[in-house]
Structure formats: C-alpha cells, structure tokens
Amino acid sequence: MTVKKIRESKDGTVIMITPYAVLFFVERGKKMIDIKLIRENKEIVKDNIKKKFQDDKLSLVDEVYNLDIKYRESKTSGDNLRSEKNKISTEIGSLMRDKKIDDANLLKSRVEEINKELINLEIVETNLEKEIKEKMMQIPQIIDKSVPIGKDDTENVEIEKFGEPNVPKFEVPYHADILARINGLDKESSGRTSGTGFYYLMGDAARIHSAMLSYARDFMIDKDFTYVIPPFMIRSDVVTGVMSFTEMENMMYKIEGEDLYLVGTSEHSMIGKFKDQIIDGGELPITLTSYSPCFRKEVGAHGIEERGIYRVHQFEKQEMVVLCKEEDHMDWYHKMLNYTVEFFRSLDVPVRTLECCSGDLADLKVKSADVEAWSPRQQKYFEVGSCSTLGDAQARRLGIRSKTEAGTKYLYTLNNTVLATPRGLIAFLENNVNEDGSINIPKVLRPYMGGKDLI
RNA sequence: GGAGGAAUACCCAAGUCUGGUUGAAGGGAUCGGUCUUGAAAACCGACAGGUCGGGCAACCGGCGCAGGGGUUCGAAUCCCUUUUCCUCCGCCA
C-alpha cells in the first residue's frame, strides 16, 4: 500500500478527493449548532461570532434565517402533496383489487400530475437545504461564558503554573544534542528512508519514549479510564465528521486507491467509534484512554523543522476521550486538564496551563486550554497537550446521542492529550538532563526502564 | 483476493418468489396490572424508536424494513450500487 500526500500528488488524486469530500460534507448536513437557535435567538449566535472576531460571518446568520423560512414553506407544500399522493395510491390499490380499472386509471393521471409538481418542488427543497447546511457549517459553536475574549493566540491567557521553571547553571543542550550524546537519534537515515519529519529513535532514547507511553497508559487506567487501541486508519466520512475541510487538507495522509486516511490522532477513530450511535444514558460518562501513532502532514504556518524532533510527521500519543451529559462536561474538562498536569509533574517537568482565547478557539470548540511544558533551554513554555470540550458540536455532526428519560440528546464530547511524544520526550529530557549528559529517570518511569535511575 | 449467502423494530423472527387496507405477523425481553404473605408461574394490558415540518396543545403530516439511487400511480417486496456480517477457498504476521 502506498501512502500519498494529497498536496503533492500530481496524478489527479487531489481533483478526485476534493469534490468528494466537499459533497460528503454538505450532504451529511453536519453543523455545529442547532438551527433552532437561529430561529429563536439570532442575537446569541451573532454575539458569539463577534466574540470570535469573525465579523465577516455575521451576514450568514440572517441568510440562514431567511433561507430556513423558505425551506420550511416548500417542505410544507411538498409534504402536503406527498400526503395526497400516498392517499390516492392507496385508493388505486383497492380499486385495482375490485377490478375497477377505468376508475384507477383516472386517479393515476392525478398522481402523475402530482409527481410532475413534486419534481420541481423537490429540487427547490433540496437546494435550499443544501444552501442552509453550507452556511450553517461556517457558523461557529457557541463558546463558554468563561472563555477570555481575544483576537488570536497572542491573547491566550495563562491560568496557572505548576512547578518552578528552573534554569540550571549549565547550558541545557538542544534536545537533538542531548539525544546525540546517548546515541538516541538518527535523522540522517530517516531522511534517506522517509524524508524530513521522520526519525529513528534508538537505544535508551527509544526505551524512554516507550516507557513514557506505557506509564501514561497506566496512569490513565489508574484514573478509571478504559484503555483502547483503535484503528489507525479511518474512512473519509469519519474524517469530515471530526474536522474541518481545511484541517483535513493540512493534516491527513490519504491511502492511495482506498477510502482510508491515517489518523492524525486517535481522537479521530475514538469519536468516530460512536458515529450514529444512541448510547444509553446509564452508560455515561464514557471515559476512554487510547493509544495510537499519529500521522500529520503539518502543512501550513510552521511546517517541518530541519533539526530535532519537535514537529514531525509521525509521533505517538496517549489520549483521553470523554463522552458525557451536558451538565457534566465542565467538570470533566477541568478534571482532564488536571490529569495532564499531574502526569507531567510526576515526571519532574514544570508546566503551565494556557487558556485559548475566543479568537484562537477552533470553530467546533466550546473551551480549550493547552498544557505547556517548561523548556529550560529556551526559557519559555512550549505546547505538549491540548484539552478541549466541544460541547455537542462534534456529536451533532456525527449523530452521537444518548437516550434518557428526558428524551434523546446529543452528547458532549471532550478530548485531551495525556502524552504526545517525541514532543513529551523533549520536555522530559530538557528537564532531567545533567551537566555531564546523563539523564535522571524519575521514580515513576523506573519500572518501565528496567529499574534504572540514571542513563 | 475468489465463490456463495444474509441484513426487517431492544433481541429473535414472518413477509420478498407472485408490488397495493403491511409502518410491518408471531415470540422473547421490558414496563404496568390481576393473583400471592412475598416471589415465581399463569393471565390481562402497554410497547417503533428516530428524524423533519405544522400546531399553544391534543394532535396532524413527510421520511423511515442496512446506506444511496432507479423502475412504478404505488416498493420491505423488482432493478442498480455501496457497506457490513456469515460460510467455503486462497494468501499472510
């Protein structure tokens, strides 16, 4: 099987994939908010758009509002015609049984007329529906009241620091150099086999990497999360359900000749698992921790760096995913964020939490914060994980509902990183390296490192 | 990868050949009741969910028999197509 990047293919793959995905996007009618909110309270939706500094989208609200009125009108007249048609067809049935052929034929011509009328009406109906969905797709999820208002990532807000951001007396080497000293990284070879953005981790470096993941897995199992190994490839309908089209283009690797994509995170297959499912209210909350390799094209602002393994095409991740009821999602959000903080603290890595401001928040998200690890080399924090609640937006797109006494409701979905590595490995190395190049192994990792306390 | 078979409601399952009062028999599960000290059993009753539209509401209507399309006045039923599952063969860590 060949993996091909959409962007780079010159054989028509792009042209084949793009319209297909867009079609799917539109036809499945995935939207982030309930159209009833626009019918009943346009201002909430508009205020939300303003808060996110997307004023160019304001007109969409009124457009949807008006199209919706037209749509409902045409749906009502269509439904009436269909109702009449159903009635007459049943009558024809009983006339045929009684062998009253002439009477039946008379009625048939009436149904034929109705069908002619319906053809045009249905075109109008379908087009209106499509137009509404396209516009609805661009209207962002309503953000939480607590989200700080700001234009872009420069206005994100630090919530809290955990651990002292120490700067040791010696100069902490660049992570690639730390790895070089223990013969832990070979990028020359990976360049030959796979190109930039890949790596060979070797020896103790590879072992710490795996140890951290195993520890992350057990850490979450101890928090009563169910460990899951999901599929590492998913179909396009799942992909378009869990991310926007731009994200998809910039992130996902497509398998050539198949309707399959390599996951960019296990969240994709984990949320996809529940697509079109109705979950019994008694099973909630569903708390899962999944492992997967993650593949990302990283097309866009940053791209792939030359040295090091900070931003790469392939990494591994232990993730947490929670599906819960509306009233519980904020509790889970805070709990999940704290778990990641606790995890990094147990590895002697100072961290801080940084809340995403309104303008930097992805359209699907209600609230989100990054966990950032301290880099004693750069003397600043860098992102190692991200915790988000998507409200019911993701569930709405994918049809994930639960049945309770109150009726059927869309679930609230959340996800958070426990550990993504090699990035997590970098954080670990920089904070545990000694002047002589040796590396301290914290207590929690020793069982996974054959008992060693130092490399 | 090849060759067959299947998909009907919470579960099992009839209906498909031969299109029409079939939005779908029957059974189980579940819920309510009778009987009982209590329970079981038996008997009686309820039980298609979902989604979209209309209505203050009671309620009315559209869609809906794996998904999508077609034929027809009319489709669970006929045709095409996609997916999934099962059996057999092949291949393989």
# chains A, B, ... in the order shown; residues from 1 in each chain; ligands from 1

call {"tool": "interface_residues", "arguments": {"of": "chain A", "to": "chain B", "cutoff": "8 Å", "atoms": "only C-alpha atoms (C1' of nucleotides)", "output": "count of residues only"}}
result
18

call {"tool": "select_by_dssp", "arguments": {"residues": "region 88-335 of chain A", "states": "strand (DSSP E or B)", "output": "PyMOL selection string"}}
result
chain A and resi 157-162+185-186+200-201+226-228+233-234+253-255+261-262+278-280+286-295+314-324

call {"tool": "select_by_dssp", "arguments": {"residues": "region 127-255 of chain A", "states": "alpha helix (DSSP H)", "output": "ChimeraX atom specification"}}
result
/A:127-138,175-181,187-193,203-222,236-242,245-251

call {"tool": "residues_around", "arguments": {"residues": "G49 (chain B)", "least_positions_apart": "5", "cutoff": "12 Å", "atoms": "only C-alpha atoms (C1' of nucleotides)", "output": "list in words"}}
result
Ile278, Lys403, Gly407 and Thr408 of chain A; A9, C10, G23 and G64 of chain B

call {"tool": "write_last_selection", "arguments": {"atoms": "N, CA and C atoms (P, O5', C5', C4', C3', O3' and C1' of nucleotides)", "output": "JSON list (two decimals), in the first residue's frame"}}
result
[["chain", "number", "residue", "atom", "x", "y", "z"],
["A", 278, "ILE", "N", -26.75, 5.57, 19.41],
["A", 278, "ILE", "CA", -27.52, 6.09, 20.53],
["A", 278, "ILE", "C", -27.07, 5.33, 21.77],
["A", 403, "LYS", "N", -29.95, 8.30, 25.12],
["A", 403, "LYS", "CA", -31.36, 8.21, 25.44],
["A", 403, "LYS", "C", -31.52, 8.32, 26.95],
["A", 407, "GLY", "N", -35.54, 12.27, 26.98],
["A", 407, "GLY", "CA", -35.57, 12.15, 25.53],
["A", 407, "GLY", "C", -34.19, 11.91, 24.98],
["A", 408, "THR", "N", -34.08, 12.06, 23.65],
["A", 408, "THR", "CA", -32.79, 11.82, 23.02],
["A", 408, "THR", "C", -32.03, 13.13, 22.89],
["B", 9, "A", "P", -34.37, -4.18, 12.60],
["B", 9, "A", "O5'", -35.22, -3.29, 13.60],
["B", 9, "A", "C5'", -34.70, -2.26, 14.44],
["B", 9, "A", "C4'", -35.87, -1.64, 15.12],
["B", 9, "A", "C3'", -36.09, -2.14, 16.54],
["B", 9, "A", "O3'", -36.41, -1.05, 17.38],
["B", 9, "A", "C1'", -38.01, -2.59, 15.18],
["B", 10, "C", "P", -35.14, -0.32, 18.04],
["B", 10, "C", "O5'", -34.57, -1.41, 19.06],
["B", 10, "C", "C5'", -33.43, -1.07, 19.84],
["B", 10, "C", "C4'", -33.13, -2.19, 20.78],
["B", 10, "C", "C3'", -33.12, -3.57, 20.14],
["B", 10, "C", "O3'", -31.88, -3.84, 19.53],
["B", 10, "C", "C1'", -34.39, -3.64, 22.14],
["B", 23, "G", "P", -48.38, -0.08, 4.91],
["B", 23, "G", "O5'", -47.47, 0.10, 6.22],
["B", 23, "G", "C5'", -47.97, 0.76, 7.34],
["B", 23, "G", "C4'", -47.22, 0.31, 8.57],
["B", 23, "G", "C3'", -47.45, 1.25, 9.76],
["B", 23, "G", "O3'", -47.32, 0.57, 10.97],
["B", 23, "G", "C1'", -45.19, 1.15, 9.32],
["B", 64, "G", "P", -38.83, 6.72, 2.60],
["B", 64, "G", "O5'", -38.30, 6.08, 3.96],
["B", 64, "G", "C5'", -36.91, 6.03, 4.26],
["B", 64, "G", "C4'", -36.76, 5.53, 5.68],
["B", 64, "G", "C3'", -37.32, 4.13, 5.88],
["B", 64, "G", "O3'", -36.31, 3.16, 5.66],
["B", 64, "G", "C1'", -38.20, 5.60, 7.53]]

call {"tool": "closest_residue", "arguments": {"among": "A:Ala206, A:Ala362, A:Ile286, A:Leu454", "to": "Thr226 (chain A)", "atoms": "only C-alpha atoms"}}
result
A:Ile286

call {"tool": "atom_distance", "arguments": {"atom1": "CA of Phe219 (chain A)", "atom2": "CA of Lys317 (chain A)"}}
result
13.6 Å

call {"tool": "closest_residue", "arguments": {"among": "A:Cys356, A:Cys294, A:Met212, A:Leu60", "to": "Pro148 (chain A)", "atoms": "only C-alpha atoms"}}
result
A:Cys356

call {"tool": "residues_around", "arguments": {"residues": "Phe274 (chain A)", "least_positions_apart": "3", "cutoff": "12 Å", "atoms": "only C-alpha atoms (C1' of nucleotides)", "output": "PyMOL selection string"}}
result
chain A and resi 238+241-242+267-271+277-279+286+321-323+394-402+410-411+413

call {"tool": "decode", "arguments": {"residues": "region 245-268 of chain A", "atoms": "N, CA and C atoms", "output": "JSON list (two decimals), in the first residue's frame"}}
result
[["chain", "number", "residue", "atom", "x", "y", "z"],
["A", 245, "PHE", "N", -12.68, 20.96, 6.71],
["A", 245, "PHE", "CA", -12.05, 20.56, 5.47],
["A", 245, "PHE", "C", -10.61, 21.07, 5.36],
["A", 246, "THR", "N", -10.38, 22.27, 5.85],
["A", 246, "THR", "CA", -9.02, 22.82, 5.80],
["A", 246, "THR", "C", -8.08, 22.00, 6.67],
["A", 247, "GLU", "N", -8.55, 21.67, 7.85],
["A", 247, "GLU", "CA", -7.75, 20.83, 8.75],
["A", 247, "GLU", "C", -7.39, 19.52, 8.05],
["A", 248, "MET", "N", -8.40, 18.95, 7.39],
["A", 248, "MET", "CA", -8.22, 17.68, 6.72],
["A", 248, "MET", "C", -7.13, 17.77, 5.66],
["A", 249, "GLU", "N", -7.19, 18.82, 4.88],
["A", 249, "GLU", "CA", -6.19, 19.01, 3.82],
["A", 249, "GLU", "C", -4.79, 19.19, 4.38],
["A", 250, "ASN", "N", -4.71, 19.90, 5.52],
["A", 250, "ASN", "CA", -3.41, 20.23, 6.07],
["A", 250, "ASN", "C", -2.82, 19.13, 6.94],
["A", 251, "MET", "N", -3.64, 18.20, 7.34],
["A", 251, "MET", "CA", -3.18, 17.20, 8.28],
["A", 251, "MET", "C", -3.12, 15.77, 7.74],
["A", 252, "MET", "N", -4.17, 15.35, 7.03],
["A", 252, "MET", "CA", -4.37, 13.92, 6.85],
["A", 252, "MET", "C", -3.65, 13.32, 5.64],
["A", 253, "TYR", "N", -3.03, 12.19, 5.86],
["A", 253, "TYR", "CA", -2.45, 11.39, 4.79],
["A", 253, "TYR", "C", -3.50, 10.44, 4.26],
["A", 254, "LYS", "N", -3.64, 10.40, 2.94],
["A", 254, "LYS", "CA", -4.62, 9.51, 2.34],
["A", 254, "LYS", "C", -3.95, 8.26, 1.81],
["A", 255, "ILE", "N", -4.61, 7.14, 1.99],
["A", 255, "ILE", "CA", -4.11, 5.91, 1.40],
["A", 255, "ILE", "C", -4.56, 5.88, -0.06],
["A", 256, "GLU", "N", -3.62, 5.71, -0.93],
["A", 256, "GLU", "CA", -3.92, 5.75, -2.35],
["A", 256, "GLU", "C", -4.83, 4.60, -2.76],
["A", 257, "GLY", "N", -5.86, 4.94, -3.51],
["A", 257, "GLY", "CA", -6.74, 3.91, -4.06],
["A", 257, "GLY", "C", -7.74, 3.34, -3.08],
["A", 258, "GLU", "N", -7.79, 3.90, -1.87],
["A", 258, "GLU", "CA", -8.75, 3.41, -0.88],
["A", 258, "GLU", "C", -9.40, 4.61, -0.20],
["A", 259, "ASP", "N", -10.56, 4.39, 0.32],
["A", 259, "ASP", "CA", -11.20, 5.45, 1.08],
["A", 259, "ASP", "C", -10.73, 5.36, 2.53],
["A", 260, "LEU", "N", -9.44, 5.59, 2.73],
["A", 260, "LEU", "CA", -8.86, 5.50, 4.07],
["A", 260, "LEU", "C", -7.82, 6.60, 4.29],
["A", 261, "TYR", "N", -7.79, 7.09, 5.50],
["A", 261, "TYR", "CA", -6.81, 8.09, 5.90],
["A", 261, "TYR", "C", -6.09, 7.60, 7.15],
["A", 262, "LEU", "N", -4.80, 7.95, 7.27],
["A", 262, "LEU", "CA", -4.07, 7.66, 8.50],
["A", 262, "LEU", "C", -4.53, 8.64, 9.57],
["A", 263, "VAL", "N", -4.76, 8.17, 10.77],
["A", 263, "VAL", "CA", -5.26, 9.07, 11.82],
["A", 263, "VAL", "C", -4.20, 10.10, 12.18],
["A", 264, "GLY", "N", -4.65, 11.32, 12.44],
["A", 264, "GLY", "CA", -3.77, 12.37, 12.92],
["A", 264, "GLY", "C", -3.71, 12.35, 14.43],
["A", 265, "THR", "N", -4.67, 11.68, 15.02],
["A", 265, "THR", "CA", -4.75, 11.47, 16.46],
["A", 265, "THR", "C", -5.80, 10.37, 16.67],
["A", 266, "SER", "N", -5.68, 9.65, 17.77],
["A", 266, "SER", "CA", -6.67, 8.59, 17.99],
["A", 266, "SER", "C", -8.04, 9.16, 18.28],
["A", 267, "GLU", "N", -8.10, 10.46, 18.63],
["A", 267, "GLU", "CA", -9.41, 11.08, 18.83],
["A", 267, "GLU", "C", -10.30, 10.83, 17.61],
["A", 268, "HIS", "N", -9.69, 10.84, 16.43],
["A", 268, "HIS", "CA", -10.47, 10.65, 15.21],
["A", 268, "HIS", "C", -11.20, 9.32, 15.21]]
